[in-house]
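Data file: target10.pdb. Format and content: PDB, C-alpha atoms and all ligand atoms.
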ATOM      1  CA  MET A   1      18.808  -0.292-238.719  1.00  0.00           C
ATOM      2  CA  PRO A   2      17.014  -3.502-237.748  1.00  0.00           C
ATOM      3  CA  GLY A   3      19.219  -6.299-236.373  1.00  0.00           C
ATOM      4  CA  LYS A   4      19.089  -9.940-237.356  1.00  0.00           C
ATOM      5  CA  GLU A   5      17.598 -11.239-234.113  1.00  0.00           C
ATOM      6  CA  TRP A   6      15.332 -14.287-234.332  1.00  0.00           C
ATOM      7  CA  VAL A   7      11.767 -14.043-233.009  1.00  0.00           C
ATOM      8  CA  ARG A   8      10.768 -17.652-232.358  1.00  0.00           C
ATOM      9  CA  GLU A   9       7.269 -18.648-233.498  1.00  0.00           C
ATOM     10  CA  SER A  10       4.775 -19.253-230.657  1.00  0.00           C
ATOM     11  CA  ARG A  11       4.124 -22.793-229.402  1.00  0.00           C
ATOM     12  CA  PHE A  12       0.689 -22.652-231.068  1.00  0.00           C
ATOM     13  CA  GLY A  13       2.260 -21.423-234.319  1.00  0.00           C
ATOM     14  CA  ARG A  14       4.846 -24.209-234.312  1.00  0.00           C
ATOM     15  CA  TRP A  15       2.074 -26.766-233.853  1.00  0.00           C
ATOM     16  CA  PHE A  16      -0.170 -25.166-236.501  1.00  0.00           C
ATOM     17  CA  LEU A  17       2.594 -25.486-239.102  1.00  0.00           C
ATOM     18  CA  THR A  18       2.372 -29.276-238.732  1.00  0.00           C
ATOM     19  CA  THR A  19      -1.409 -29.570-239.221  1.00  0.00           C
ATOM     20  CA  ASP A  20      -3.322 -30.835-242.262  1.00  0.00           C
ATOM     21  CA  ILE A  21      -4.947 -27.392-242.537  1.00  0.00           C
ATOM     22  CA  TRP A  22      -1.536 -25.815-243.104  1.00  0.00           C
ATOM     23  CA  LEU A  23      -0.428 -28.619-245.434  1.00  0.00           C
ATOM     24  CA  GLU A  24      -3.551 -28.712-247.597  1.00  0.00           C
ATOM     25  CA  TYR A  25      -4.859 -25.127-247.611  1.00  0.00           C
ATOM     26  CA  VAL A  26      -1.659 -23.124-247.341  1.00  0.00           C
ATOM     27  CA  LEU A  27       1.380 -25.119-248.463  1.00  0.00           C
ATOM     28  CA  ARG A  28      -0.111 -27.309-251.179  1.00  0.00           C
ATOM     29  CA  GLU A  29      -2.078 -24.411-252.682  1.00  0.00           C
ATOM     30  CA  ALA A  30       1.025 -22.205-252.656  1.00  0.00           C
ATOM     31  CA  VAL A  31       3.178 -24.832-254.397  1.00  0.00           C
ATOM     32  CA  VAL A  32       0.504 -25.547-257.029  1.00  0.00           C
ATOM     33  CA  ASP A  33      -0.125 -21.819-257.672  1.00  0.00           C
ATOM     34  CA  LEU A  34       3.589 -21.026-257.825  1.00  0.00           C
ATOM     35  CA  LYS A  35       4.135 -23.835-260.324  1.00  0.00           C
ATOM     36  CA  GLN A  36       1.285 -22.447-262.411  1.00  0.00           C
ATOM     37  CA  LEU A  37       2.776 -18.936-262.241  1.00  0.00           C
ATOM     38  CA  LEU A  38       6.127 -20.333-263.310  1.00  0.00           C
ATOM     39  CA  ASN A  39       4.398 -21.629-266.428  1.00  0.00           C
ATOM     40  CA  THR A  40       7.258 -23.841-267.525  1.00  0.00           C
ATOM     41  CA  SER A  41       8.010 -27.415-266.542  1.00  0.00           C
ATOM     42  CA  LEU A  42      11.304 -27.807-264.736  1.00  0.00           C
ATOM     43  CA  THR A  43      12.315 -31.311-265.697  1.00  0.00           C
ATOM     44  CA  GLU A  44      15.968 -31.019-264.649  1.00  0.00           C
ATOM     45  CA  THR A  45      16.141 -29.136-261.347  1.00  0.00           C
ATOM     46  CA  ARG A  46      19.369 -30.145-259.643  1.00  0.00           C
ATOM     47  CA  GLN A  47      19.080 -28.561-256.221  1.00  0.00           C
ATOM     48  CA  ILE A  48      16.181 -26.900-254.439  1.00  0.00           C
ATOM     49  CA  LEU A  49      16.785 -24.906-251.291  1.00  0.00           C
ATOM     50  CA  ASP A  50      13.786 -24.906-248.938  1.00  0.00           C
ATOM     51  CA  ILE A  51      14.683 -21.973-246.726  1.00  0.00           C
ATOM     52  CA  GLY A  52      12.977 -21.782-243.334  1.00  0.00           C
ATOM     53  CA  CYS A  53      11.736 -25.327-243.933  1.00  0.00           C
ATOM     54  CA  HIS A  54      10.429 -25.934-240.373  1.00  0.00           C
ATOM     55  CA  GLN A  55       9.689 -29.706-240.143  1.00  0.00           C
ATOM     56  CA  GLY A  56      10.004 -30.199-243.905  1.00  0.00           C
ATOM     57  CA  MET A  57       6.280 -30.325-244.652  1.00  0.00           C
ATOM     58  CA  ALA A  58       7.016 -29.029-248.194  1.00  0.00           C
ATOM     59  CA  PHE A  59       9.694 -31.585-249.120  1.00  0.00           C
ATOM     60  CA  GLU A  60       7.335 -34.110-250.739  1.00  0.00           C
ATOM     61  CA  LEU A  61       5.368 -31.365-252.530  1.00  0.00           C
ATOM     62  CA  LEU A  62       8.577 -29.902-253.949  1.00  0.00           C
ATOM     63  CA  GLU A  63       9.685 -33.353-255.074  1.00  0.00           C
ATOM     64  CA  GLU A  64       6.327 -34.069-256.708  1.00  0.00           C
ATOM     65  CA  HIS A  65       6.108 -30.752-258.569  1.00  0.00           C
ATOM     66  CA  PHE A  66       9.720 -29.844-259.398  1.00  0.00           C
ATOM     67  CA  HIS A  67      11.557 -33.213-259.626  1.00  0.00           C
ATOM     68  CA  PRO A  68      14.842 -32.156-258.000  1.00  0.00           C
ATOM     69  CA  LYS A  69      17.859 -34.421-257.639  1.00  0.00           C
ATOM     70  CA  LYS A  70      18.396 -32.937-254.190  1.00  0.00           C
ATOM     71  CA  ILE A  71      16.515 -30.793-251.664  1.00  0.00           C
ATOM     72  CA  ILE A  72      18.413 -28.795-249.052  1.00  0.00           C
ATOM     73  CA  GLY A  73      16.272 -27.776-246.077  1.00  0.00           C
ATOM     74  CA  VAL A  74      17.629 -24.980-243.876  1.00  0.00           C
ATOM     75  CA  GLU A  75      15.922 -23.956-240.646  1.00  0.00           C
ATOM     76  CA  ILE A  76      17.052 -21.813-237.715  1.00  0.00           C
ATOM     77  CA  ASP A  77      15.036 -23.707-235.081  1.00  0.00           C
ATOM     78  CA  ARG A  78      17.126 -26.700-233.989  1.00  0.00           C
ATOM     79  CA  GLU A  79      14.121 -28.651-232.692  1.00  0.00           C
ATOM     80  CA  GLN A  80      12.228 -28.315-236.001  1.00  0.00           C
ATOM     81  CA  ILE A  81      15.169 -29.219-238.251  1.00  0.00           C
ATOM     82  CA  GLY A  82      15.673 -32.363-236.153  1.00  0.00           C
ATOM     83  CA  LEU A  83      12.096 -33.367-237.000  1.00  0.00           C
ATOM     84  CA  ALA A  84      12.629 -32.411-240.674  1.00  0.00           C
ATOM     85  CA  LEU A  85      15.203 -35.201-240.852  1.00  0.00           C
ATOM     86  CA  GLU A  86      12.340 -37.669-240.226  1.00  0.00           C
ATOM     87  CA  THR A  87      10.135 -36.052-242.914  1.00  0.00           C
ATOM     88  CA  ALA A  88      13.045 -36.277-245.345  1.00  0.00           C
ATOM     89  CA  LYS A  89      12.921 -40.079-245.156  1.00  0.00           C
ATOM     90  CA  ARG A  90       9.601 -40.027-247.042  1.00  0.00           C
ATOM     91  CA  CYS A  91      11.251 -38.503-250.155  1.00  0.00           C
ATOM     92  CA  ARG A  92      12.809 -40.493-252.965  1.00  0.00           C
ATOM     93  CA  CYS A  93      15.366 -37.795-253.802  1.00  0.00           C
ATOM     94  CA  HIS A  94      18.292 -36.962-251.564  1.00  0.00           C
ATOM     95  CA  VAL A  95      17.359 -34.466-248.821  1.00  0.00           C
ATOM     96  CA  GLU A  96      19.939 -32.686-246.688  1.00  0.00           C
ATOM     97  CA  CYS A  97      18.743 -30.843-243.579  1.00  0.00           C
ATOM     98  CA  MET A  98      20.867 -28.107-242.028  1.00  0.00           C
ATOM     99  CA  GLN A  99      20.363 -25.988-238.960  1.00  0.00           C
ATOM    100  CA  GLY A 100      21.269 -22.446-239.979  1.00  0.00           C
ATOM    101  CA  THR A 101      20.138 -18.958-240.751  1.00  0.00           C
ATOM    102  CA  VAL A 102      19.164 -17.337-244.029  1.00  0.00           C
ATOM    103  CA  TYR A 103      21.599 -14.521-243.214  1.00  0.00           C
ATOM    104  CA  ASN A 104      24.644 -16.787-243.508  1.00  0.00           C
ATOM    105  CA  LEU A 105      24.080 -19.947-245.532  1.00  0.00           C
ATOM    106  CA  ASP A 106      26.719 -22.651-245.598  1.00  0.00           C
ATOM    107  CA  LEU A 107      26.365 -22.938-249.388  1.00  0.00           C
ATOM    108  CA  PRO A 108      28.628 -21.834-252.252  1.00  0.00           C
ATOM    109  CA  ASP A 109      27.871 -18.844-254.489  1.00  0.00           C
ATOM    110  CA  ASN A 110      25.745 -19.638-257.572  1.00  0.00           C
ATOM    111  CA  SER A 111      24.931 -23.192-256.486  1.00  0.00           C
ATOM    112  CA  ILE A 112      21.117 -23.441-256.204  1.00  0.00           C
ATOM    113  CA  ASP A 113      18.675 -23.648-259.155  1.00  0.00           C
ATOM    114  CA  LEU A 114      15.445 -23.052-257.286  1.00  0.00           C
ATOM    115  CA  ILE A 115      14.668 -21.590-253.868  1.00  0.00           C
ATOM    116  CA  PHE A 116      11.377 -22.167-252.082  1.00  0.00           C
ATOM    117  CA  CYS A 117      10.966 -19.260-249.674  1.00  0.00           C
ATOM    118  CA  HIS A 118       7.542 -19.774-248.177  1.00  0.00           C
ATOM    119  CA  GLN A 119       6.292 -17.605-245.313  1.00  0.00           C
ATOM    120  CA  LEU A 120       9.812 -16.752-244.183  1.00  0.00           C
ATOM    121  CA  LEU A 121      10.332 -13.058-245.015  1.00  0.00           C
ATOM    122  CA  HIS A 122       7.736 -11.794-242.558  1.00  0.00           C
ATOM    123  CA  HIS A 123       9.732 -13.591-239.829  1.00  0.00           C
ATOM    124  CA  LEU A 124      12.953 -11.743-240.663  1.00  0.00           C
ATOM    125  CA  SER A 125      13.881  -8.567-238.862  1.00  0.00           C
ATOM    126  CA  ASP A 126      16.326  -7.773-241.709  1.00  0.00           C
ATOM    127  CA  GLN A 127      14.503  -8.946-244.834  1.00  0.00           C
ATOM    128  CA  ALA A 128      16.915  -7.217-247.256  1.00  0.00           C
ATOM    129  CA  SER A 129      19.970  -9.059-245.872  1.00  0.00           C
ATOM    130  CA  GLY A 130      18.106 -12.377-246.030  1.00  0.00           C
ATOM    131  CA  LEU A 131      17.243 -11.769-249.689  1.00  0.00           C
ATOM    132  CA  ASP A 132      20.846 -10.754-250.474  1.00  0.00           C
ATOM    133  CA  GLU A 133      22.103 -14.083-249.130  1.00  0.00           C
ATOM    134  CA  LEU A 134      19.510 -15.993-251.195  1.00  0.00           C
ATOM    135  CA  TYR A 135      20.625 -14.006-254.254  1.00  0.00           C
ATOM    136  CA  ARG A 136      24.230 -15.014-253.581  1.00  0.00           C
ATOM    137  CA  VAL A 137      23.550 -18.771-253.571  1.00  0.00           C
ATOM    138  CA  LEU A 138      21.166 -18.760-256.569  1.00  0.00           C
ATOM    139  CA  VAL A 139      22.681 -19.577-260.000  1.00  0.00           C
ATOM    140  CA  PRO A 140      22.387 -16.785-262.592  1.00  0.00           C
ATOM    141  CA  GLY A 141      18.991 -17.371-264.217  1.00  0.00           C
ATOM    142  CA  GLY A 142      17.886 -19.231-261.067  1.00  0.00           C
ATOM    143  CA  ILE A 143      14.439 -18.754-259.587  1.00  0.00           C
ATOM    144  CA  ILE A 144      13.091 -17.972-256.161  1.00  0.00           C
ATOM    145  CA  LEU A 145       9.482 -18.892-255.401  1.00  0.00           C
ATOM    146  CA  ILE A 146       8.113 -16.598-252.721  1.00  0.00           C
ATOM    147  CA  GLY A 147       4.887 -16.852-250.738  1.00  0.00           C
ATOM    148  CA  GLU A 148       4.313 -14.205-248.086  1.00  0.00           C
ATOM    149  CA  SER A 149       1.749 -12.953-245.617  1.00  0.00           C
ATOM    150  CA  CYS A 150       1.038  -9.233-245.819  1.00  0.00           C
ATOM    151  CA  ARG A 151       0.537  -6.660-243.085  1.00  0.00           C
ATOM    152  CA  SER A 152      -3.260  -6.752-243.531  1.00  0.00           C
ATOM    153  CA  PHE A 153      -3.216 -10.414-242.381  1.00  0.00           C
ATOM    154  CA  LEU A 154      -0.499 -10.174-239.740  1.00  0.00           C
ATOM    155  CA  ASP A 155      -2.312  -7.242-238.091  1.00  0.00           C
ATOM    156  CA  LEU A 156      -5.543  -9.213-237.513  1.00  0.00           C
ATOM    157  CA  PHE A 157      -6.132  -9.478-233.767  1.00  0.00           C
ATOM    158  CA  TRP A 158      -6.317 -13.285-233.760  1.00  0.00           C
ATOM    159  CA  VAL A 159      -3.066 -13.547-235.714  1.00  0.00           C
ATOM    160  CA  ARG A 160      -1.358 -11.220-233.229  1.00  0.00           C
ATOM    161  CA  ILE A 161      -2.679 -13.297-230.317  1.00  0.00           C
ATOM    162  CA  PHE A 162      -1.716 -16.748-231.622  1.00  0.00           C
ATOM    163  CA  PHE A 163       1.468 -16.132-233.660  1.00  0.00           C
ATOM    164  CA  ARG A 164       4.790 -14.281-233.175  1.00  0.00           C
ATOM    165  CA  HIS A 165       6.541 -12.114-235.765  1.00  0.00           C
ATOM    166  CA  PRO A 166       9.007  -9.255-235.566  1.00  0.00           C
ATOM    167  CA  LYS A 167       7.143  -5.958-235.314  1.00  0.00           C
ATOM    168  CA  GLN A 168       7.427  -2.900-237.566  1.00  0.00           C
ATOM    169  CA  ILE A 169       8.793  -4.635-240.664  1.00  0.00           C
ATOM    170  CA  GLN A 170       5.570  -6.075-242.066  1.00  0.00           C
ATOM    171  CA  LYS A 171       4.675  -5.121-245.627  1.00  0.00           C
ATOM    172  CA  THR A 172       1.879  -4.830-248.159  1.00  0.00           C
ATOM    173  CA  ALA A 173       2.030  -7.061-251.246  1.00  0.00           C
ATOM    174  CA  GLN A 174       3.372  -4.144-253.312  1.00  0.00           C
ATOM    175  CA  GLU A 175       6.047  -3.358-250.716  1.00  0.00           C
ATOM    176  CA  PHE A 176       7.212  -6.997-250.766  1.00  0.00           C
ATOM    177  CA  ILE A 177       7.468  -6.903-254.561  1.00  0.00           C
ATOM    178  CA  GLU A 178       9.467  -3.676-254.454  1.00  0.00           C
ATOM    179  CA  LEU A 179      11.752  -5.045-251.740  1.00  0.00           C
ATOM    180  CA  VAL A 180      12.562  -8.197-253.763  1.00  0.00           C
ATOM    181  CA  GLN A 181      13.181  -6.108-256.910  1.00  0.00           C
ATOM    182  CA  SER A 182      15.403  -3.724-254.960  1.00  0.00           C
ATOM    183  CA  ARG A 183      17.747  -6.653-254.115  1.00  0.00           C
ATOM    184  CA  GLY A 184      18.391  -7.279-257.829  1.00  0.00           C
ATOM    185  CA  PHE A 185      15.748  -9.903-258.652  1.00  0.00           C
ATOM    186  CA  GLN A 186      13.601  -9.552-261.775  1.00  0.00           C
ATOM    187  CA  ILE A 187       9.816  -9.837-261.460  1.00  0.00           C
ATOM    188  CA  ARG A 188       7.346  -9.308-264.309  1.00  0.00           C
ATOM    189  CA  ASP A 189       3.647  -8.535-263.810  1.00  0.00           C
ATOM    190  CA  ALA A 190       2.791 -12.087-264.869  1.00  0.00           C
ATOM    191  CA  ASP A 191       4.982 -13.430-262.046  1.00  0.00           C
ATOM    192  CA  ILE A 192       2.784 -12.044-259.263  1.00  0.00           C
ATOM    193  CA  LYS A 193      -0.375 -13.377-257.650  1.00  0.00           C
ATOM    194  CA  PRO A 194      -1.873 -11.378-254.790  1.00  0.00           C
ATOM    195  CA  SER A 195      -4.777 -13.058-252.999  1.00  0.00           C
ATOM    196  CA  THR A 196      -7.072 -13.089-249.984  1.00  0.00           C
ATOM    197  CA  PRO A 197      -7.628 -16.784-249.193  1.00  0.00           C
ATOM    198  CA  TRP A 198     -10.434 -17.678-246.771  1.00  0.00           C
ATOM    199  CA  TRP A 199      -8.067 -18.599-243.942  1.00  0.00           C
ATOM    200  CA  SER A 200      -6.464 -15.139-244.036  1.00  0.00           C
ATOM    201  CA  ARG A 201      -9.705 -13.162-243.561  1.00  0.00           C
ATOM    202  CA  LEU A 202     -11.005 -11.739-240.329  1.00  0.00           C
ATOM    203  CA  ASP A 203     -14.196 -13.886-240.619  1.00  0.00           C
ATOM    204  CA  LEU A 204     -12.358 -16.927-242.106  1.00  0.00           C
ATOM    205  CA  GLY A 205     -14.483 -16.477-245.238  1.00  0.00           C
ATOM    206  CA  LEU A 206     -17.745 -17.352-243.444  1.00  0.00           C
ATOM    207  CA  ILE A 207     -19.691 -14.281-244.620  1.00  0.00           C
ATOM    208  CA  GLU A 208     -18.945 -15.049-248.261  1.00  0.00           C
ATOM    209  CA  LYS A 209     -19.798 -18.719-247.691  1.00  0.00           C
ATOM    210  CA  ILE A 210     -23.348 -17.839-246.611  1.00  0.00           C
ATOM    211  CA  GLY A 211     -23.782 -15.846-249.830  1.00  0.00           C
ATOM    212  CA  ILE A 212     -23.212 -12.255-248.711  1.00  0.00           C
ATOM    213  CA  PRO A 213     -21.038 -10.545-251.345  1.00  0.00           C
ATOM    214  CA  GLN A 214     -17.816  -8.999-250.043  1.00  0.00           C
ATOM    215  CA  LYS A 215     -16.068  -5.818-251.212  1.00  0.00           C
ATOM    216  CA  PRO A 216     -12.620  -6.480-252.721  1.00  0.00           C
ATOM    217  CA  GLN A 217     -10.080  -6.444-249.898  1.00  0.00           C
ATOM    218  CA  GLU A 218      -6.450  -5.471-249.795  1.00  0.00           C
ATOM    219  CA  PRO A 219      -4.388  -8.627-250.508  1.00  0.00           C
ATOM    220  CA  THR A 220      -3.475 -10.569-247.404  1.00  0.00           C
ATOM    221  CA  GLU A 221      -1.104 -12.910-249.238  1.00  0.00           C
ATOM    222  CA  VAL A 222       1.228 -12.615-252.192  1.00  0.00           C
ATOM    223  CA  LEU A 223       2.925 -15.221-254.354  1.00  0.00           C
ATOM    224  CA  MET A 224       5.704 -14.274-256.745  1.00  0.00           C
ATOM    225  CA  ILE A 225       8.350 -15.728-258.994  1.00  0.00           C
ATOM    226  CA  ALA A 226      11.620 -13.790-258.986  1.00  0.00           C
ATOM    227  CA  ARG A 227      14.677 -14.436-261.153  1.00  0.00           C
ATOM    228  CA  LYS A 228      18.352 -13.713-260.664  1.00  0.00           C
ATOM    229  CA  PRO A 229      19.451 -12.114-263.942  1.00  0.00           C
ATOM    230  CA  VAL A 230      21.755 -14.190-266.176  1.00  0.00           C
TER     231      VAL A 230
HETATM  232  C1  LIG B   1       5.899 -19.539-240.990  1.00  0.00           C
HETATM  233  S1  LIG B   1       7.197 -20.693-240.875  1.00  0.00           S
HETATM  234  C2  LIG B   1       7.141 -21.377-242.517  1.00  0.00           C
HETATM  235  C3  LIG B   1       7.695 -22.782-242.549  1.00  0.00           C
HETATM  236  C4  LIG B   1       7.712 -23.427-243.948  1.00  0.00           C
HETATM  237  N1  LIG B   1       8.441 -22.642-244.894  1.00  0.00           N
HETATM  238  C5  LIG B   1       6.295 -23.653-244.417  1.00  0.00           C
HETATM  239  O1  LIG B   1       5.834 -22.903-245.265  1.00  0.00           O
HETATM  240  O2  LIG B   1       5.658 -24.577-243.914  1.00  0.00           O
HETATM  241  C6  LIG B   1       8.700 -19.763-240.899  1.00  0.00           C
HETATM  242  C7  LIG B   1       9.921 -20.617-240.594  1.00  0.00           C
HETATM  243  O3  LIG B   1      11.103 -19.853-240.793  1.00  0.00           O
HETATM  244  C8  LIG B   1      12.014 -20.154-239.741  1.00  0.00           C
HETATM  245  N2  LIG B   1      12.974 -19.038-239.604  1.00  0.00           N
HETATM  246  C9  LIG B   1      12.772 -17.863-238.962  1.00  0.00           C
HETATM  247  N3  LIG B   1      13.867 -17.099-239.050  1.00  0.00           N
HETATM  248  C10 LIG B   1      14.781 -17.808-239.786  1.00  0.00           C
HETATM  249  C11 LIG B   1      16.123 -17.542-240.210  1.00  0.00           C
HETATM  250  N4  LIG B   1      16.745 -16.400-239.883  1.00  0.00           N
HETATM  251  N5  LIG B   1      16.751 -18.475-240.952  1.00  0.00           N
HETATM  252  C12 LIG B   1      16.138 -19.662-241.269  1.00  0.00           C
HETATM  253  N6  LIG B   1      14.880 -19.966-240.873  1.00  0.00           N
HETATM  254  C13 LIG B   1      14.207 -19.056-240.138  1.00  0.00           C
HETATM  255  C14 LIG B   1      11.119 -20.333-238.538  1.00  0.00           C
HETATM  256  O4  LIG B   1      11.774 -20.999-237.489  1.00  0.00           O
HETATM  257  C15 LIG B   1       9.957 -21.107-239.150  1.00  0.00           C
HETATM  258  O5  LIG B   1      10.186 -22.493-239.123  1.00  0.00           O
END

Represent the supplied structure as structure tokens.
Ligand SMILES: C[S@@+](CC[C@H](N)C(=O)[O-])C[C@H]1O[C@@H](n2cnc3c(N)ncnc32)[C@H](O)[C@@H]1O
Amino acid sequence: MPGKEWVRESRFGRWFLTTDIWLEYVLREAVVDLKQLLNTSLTETRQILDIGCHQGMAFELLEEHFHPKKIIGVEIDREQIGLALETAKRCRCHVECMQGTVYNLDLPDNSIDLIFCHQLLHHLSDQASGLDELYRVLVPGGIILIGESCRSFLDLFWVRIFFRHPKQIQKTAQEFIELVQSRGFQIRDADIKPSTPWWSRLDLGLIEKIGIPQKPQEPTEVLMIARKPV
């Protein structure tokens, strides 16, 4: 059985997560696409949990798109959560930042309406236990927005050189969907968006840009909306 040990992101990876490229092409696009997938306007979200929030780059996007009364950011890396406190000051809603792990959240059962779980699962050596804890804190009928990188992206040589992830637990888009369903969450076909964005391709999308058609590739990324049953 895999343990729950933490593989810290590389120095390059930690820096990259603070860049405009990450903010504009990865985070913003994920939040906008997930909101579109959700296909309903959440006018009264009380609490959003941003799990694995790093420096809180998503806080303002979550505020803009989901109008929460409160955002709770949880991050295992003490240095990053310290910096998230600064990001939080830019939000109008109340933001609480906590150092902690997804395996053992300091939050009551059934207390969170919406969870933003973006690019966290592929960092977890025990993904099932992480999902079980998120299930525990979500209200019945609550929603988890998931954005994940698939094995086909994480196995690219430049990704393996520049970033750090636990080995042997990486998944295809379909395997991620099945894992989330196996922990009790409901996902319909309309709740899933697999993709191969330019930044996740071996050639960074350059071949397509110069007009050479590309064969369809295995998805490198997957977005999904999962619900805790009522
Ligand atoms: C790829 S980053 C994504 C950061 C942020 N969600 C985003 O999309 O910008 C993954 C984050 O999860 C954090 N993390 C890794 N293991 C964790 C755990 N067990 N509990 C909480 N956070 C964790 C890492 O430190 C890192 O900040």

Exercise for the section: Would you kindly return, as a PyMOL selection string, each protein, DNA or RNA residue with an atom no farther than 10 Å from any atom of region 48-52 of chain A, considering only C-alpha atoms and excluding same-chain residues fewer than 3 positions away? Expected result: chain A and resi 45+55-56+58-59+62-63+66-77+80-81+95-102+105+107+111-121+123+134+137-138+143-145

Exercise for the section: Identify the residues around (2.5, -22.5, -255.9) within a radius of 10 Å, measuring from all atoms listed in the file in the coordinates stated by the file, and give them as a PyMOL selection string. Expected result: chain A and resi 26-38+61-62+65+116+118+145-147+193+223-225

Exercise for the section: Give me the residues within 7 Å of Ser152 (chain A) as a PyMOL selection string, counting only C-alpha atoms and dropping any in the same chain fewer than 3 places off. Expected result: chain A and resi 155-156+220

Exercise for the section: Could you check which of A:Tyr135, A:Trp198, A:Trp158, A:Phe163 is closest to ligand LIG 1 (chain B), using all atoms listed in the file? Expected result: A:Phe163

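Taking CA of Glu9 (chain A) and atom C3 of ligand LIG 1 (chain B) as endpoints, the distance between them is 10.0 Å.
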
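The space separating CA of Val230 (chain A) from CA of Gly184 (chain A) comes to 11.3 Å.
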
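Using all atoms listed in the file, the nearest neighbour of Ser149 (chain A) within the list A:Cys53, A:Ala128, A:Val222, A:Ile21 is A:Val222.
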
Fill in the blank from the handout: As a check of understanding: the span from CA of Gly82 (chain A) to CA of His54 (chain A) is 9.3 Å

Practice task
Anything within 10 Å of (2.1, -4.6, -255.6): list those residues as number ranges by chain, counting all atoms listed in the file and sticking to the file's coordinates.
Solution key: A: 172-178, 189, 192-194, 219, 222

Using only the atoms of ligand LIG 1 (chain B) listed in the file, plus 4 Å on each side, state the axis-aligned box centre and edge lengths in Å rounded to one decimal, as AutoDock Vina command-line options.
--center_x 11.2 --center_y -20.5 --center_z -241.4 --size_x 19.1 --size_y 16.2 --size_z 15.8

Quick one: region 149-182 of chain A from the block, C-alpha atoms, as a PDB file, in the first residue's frame.
ATOM      1  CA  SER A 149      -2.625  16.191 -15.160  1.00  0.00           C
ATOM      2  CA  CYS A 150      -2.582  12.711 -16.670  1.00  0.00           C
ATOM      3  CA  ARG A 151       0.233  10.200 -17.010  1.00  0.00           C
ATOM      4  CA  SER A 152       0.748  11.099 -20.691  1.00  0.00           C
ATOM      5  CA  PHE A 153       1.790  14.626 -19.590  1.00  0.00           C
ATOM      6  CA  LEU A 154       3.673  13.726 -16.418  1.00  0.00           C
ATOM      7  CA  ASP A 155       5.770  11.178 -18.344  1.00  0.00           C
ATOM      8  CA  LEU A 156       7.105  13.757 -20.839  1.00  0.00           C
ATOM      9  CA  PHE A 157      10.874  14.000 -20.412  1.00  0.00           C
ATOM     10  CA  TRP A 158      10.864  17.759 -19.781  1.00  0.00           C
ATOM     11  CA  VAL A 159       8.155  17.409 -17.135  1.00  0.00           C
ATOM     12  CA  ARG A 160      10.173  14.686 -15.397  1.00  0.00           C
ATOM     13  CA  ILE A 161      13.288  16.883 -15.485  1.00  0.00           C
ATOM     14  CA  PHE A 162      11.727  20.103 -14.169  1.00  0.00           C
ATOM     15  CA  PHE A 163       8.969  18.912 -11.794  1.00  0.00           C
ATOM     16  CA  ARG A 164       8.639  16.392  -8.924  1.00  0.00           C
ATOM     17  CA  HIS A 165       5.729  14.005  -8.367  1.00  0.00           C
ATOM     18  CA  PRO A 166       5.353  10.688  -6.591  1.00  0.00           C
ATOM     19  CA  LYS A 167       6.117   7.846  -8.988  1.00  0.00           C
ATOM     20  CA  GLN A 168       3.916   4.882  -9.923  1.00  0.00           C
ATOM     21  CA  ILE A 169       0.547   6.408  -9.033  1.00  0.00           C
ATOM     22  CA  GLN A 170      -0.029   8.540 -12.122  1.00  0.00           C
ATOM     23  CA  LYS A 171      -3.237   7.927 -14.053  1.00  0.00           C
ATOM     24  CA  THR A 172      -4.984   8.320 -17.384  1.00  0.00           C
ATOM     25  CA  ALA A 173      -8.048  10.583 -17.534  1.00  0.00           C
ATOM     26  CA  GLN A 174     -10.335   7.530 -17.393  1.00  0.00           C
ATOM     27  CA  GLU A 175      -8.477   6.107 -14.388  1.00  0.00           C
ATOM     28  CA  PHE A 176      -8.876   9.422 -12.529  1.00  0.00           C
ATOM     29  CA  ILE A 177     -12.613   9.417 -13.247  1.00  0.00           C
ATOM     30  CA  GLU A 178     -12.956   5.843 -12.013  1.00  0.00           C
ATOM     31  CA  LEU A 179     -10.921   6.603  -8.891  1.00  0.00           C
ATOM     32  CA  VAL A 180     -13.135   9.589  -7.960  1.00  0.00           C
ATOM     33  CA  GLN A 181     -16.302   7.535  -8.595  1.00  0.00           C
ATOM     34  CA  SER A 182     -14.930   4.669  -6.515  1.00  0.00           C
TER      35      SER A 182
END
